[in-house]
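Visitor: The structure is given below, and queries will be raised subsequently.
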Amino acid sequence: MEKDAPAVSQTELEQWAFVCEASDCRSRGSSQVRDALVRAVQAGGCPHVAVVRTGCLSLCGAGPAVVTYPNGDVHLRVEQSDAPELAGQLAAGGSLRRRVVRAPQ
Ligand code: FES
């Protein structure tokens with residue numbers, strides 16, 4: 001896993017977002033989702049939030065998939081436009097609001 005995190009030690013990080021970048025999620029735009037989330041976290045000045053690219057989360061077909069830690073929320077069919085909301089909620093330290101999974105296209 002590679003990390004796109006602010007310059008704080010890992011022990012200072014409180015919220016993590018793992019973005020699947022295995023083949024199926026990548027074909028559905030997960031790299032662009034991760035980039036958008038990194039930009040949103042940086043723009044929000046959220047030094048305690050890390051955005052991490054990860055391998056397959058076994059949620060193929062429903063990606064791009066994002067899982068948070070420590071809350072353990074699972075977000076499916078995440079789009080770039082979701083990044084500001086996700087970054088804001090991660091920065092607030094609360095559990096991310098669950099939303100309806102988008103229907104497959
Ligand atoms: S490729 Fe992303 S969950 Fe499997």
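Each chain of the structure tokens is named A, B, ... in the order shown, its residues numbered from 1; ligands are numbered from 1 in display order.
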Could you build a table of the residues in chain A lying no more than 9 Å from ligand 1, giving for each the nearest pair of atoms and their separation in Å rounded to one decimal place, using only C-alpha atoms and all ligand atoms, ordered by chain and ascending residue number, as CSV?
Guide:
residue,atom,partner,partner_atom_place_in_ligand_line,distance
A:Val19,CA,ligand 1,2 (Fe),8.1
A:Cys20,CA,ligand 1,2 (Fe),4.7
A:Glu21,CA,ligand 1,2 (Fe),6.1
A:Ala22,CA,ligand 1,1 (S),4.3
A:Ser23,CA,ligand 1,1 (S),5.2
A:Asp24,CA,ligand 1,1 (S),4.1
A:Cys25,CA,ligand 1,2 (Fe),4.2
A:Arg26,CA,ligand 1,1 (S),7.0
A:Ser27,CA,ligand 1,1 (S),8.6
A:Ser30,CA,ligand 1,2 (Fe),8.2
A:Thr54,CA,ligand 1,2 (Fe),8.6
A:Gly55,CA,ligand 1,2 (Fe),6.9
A:Cys56,CA,ligand 1,4 (Fe),3.9
A:Leu57,CA,ligand 1,3 (S),4.0
A:Ser58,CA,ligand 1,3 (S),4.4
A:Leu59,CA,ligand 1,3 (S),3.7
A:Cys60,CA,ligand 1,4 (Fe),3.6
A:Gly61,CA,ligand 1,4 (Fe),7.1
A:Ala62,CA,ligand 1,3 (S),7.2
A:Gly63,CA,ligand 1,2 (Fe),5.6
A:Pro64,CA,ligand 1,2 (Fe),6.2
A:Ala65,CA,ligand 1,2 (Fe),5.7
A:Val66,CA,ligand 1,2 (Fe),8.6
Visitor: Could you give me, as a PyMOL selection string, the residues within 7 Å of Leu13 (chain A), counting only C-alpha atoms and dropping anything in the same chain fewer than 5 positions from it?
Guide: chain A and resi 48-50
Visitor: Rounded to one decimal, what separation in Å do you get between CA of Arg77 (chain A) and CA of Gln15 (chain A)?
Guide: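 Interatomic distance here is 20.6 Å.
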Visitor: What does the structure give for the distance between CA of Gly93 (chain A) and CA of Arg34 (chain A), in Å to one decimal?
Guide: 19.0 Å
Visitor: Work out how far apart CA of Phe18 (chain A) and CA of Gln89 (chain A) are and give it in Å to one decimal.
Guide: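 These atoms are spaced 14.7 Å apart.
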Visitor: Between A:Pro47, A:Arg53, A:Ala83, A:Gly72, which one has atoms that come closest to Glu14 (chain A), using only C-alpha atoms?
Guide: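 Result for the nearest residue to Glu14 (chain A): A:Pro47.
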Visitor: Choose the residue, out of A:Val78, A:Val67, A:Cys46, A:Val51, that has the smallest atom-to-atom separation from Ala91 (chain A); count only C-alpha atoms.
Guide: A:Cys46
Visitor: With distances taken over only C-alpha atoms, which residue among A:Gly88, A:Ala36, A:Ala43, A:Trp16 lies nearest Pro70 (chain A)?
Guide: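 Selected residue with least distance to Pro70 (chain A): A:Trp16.
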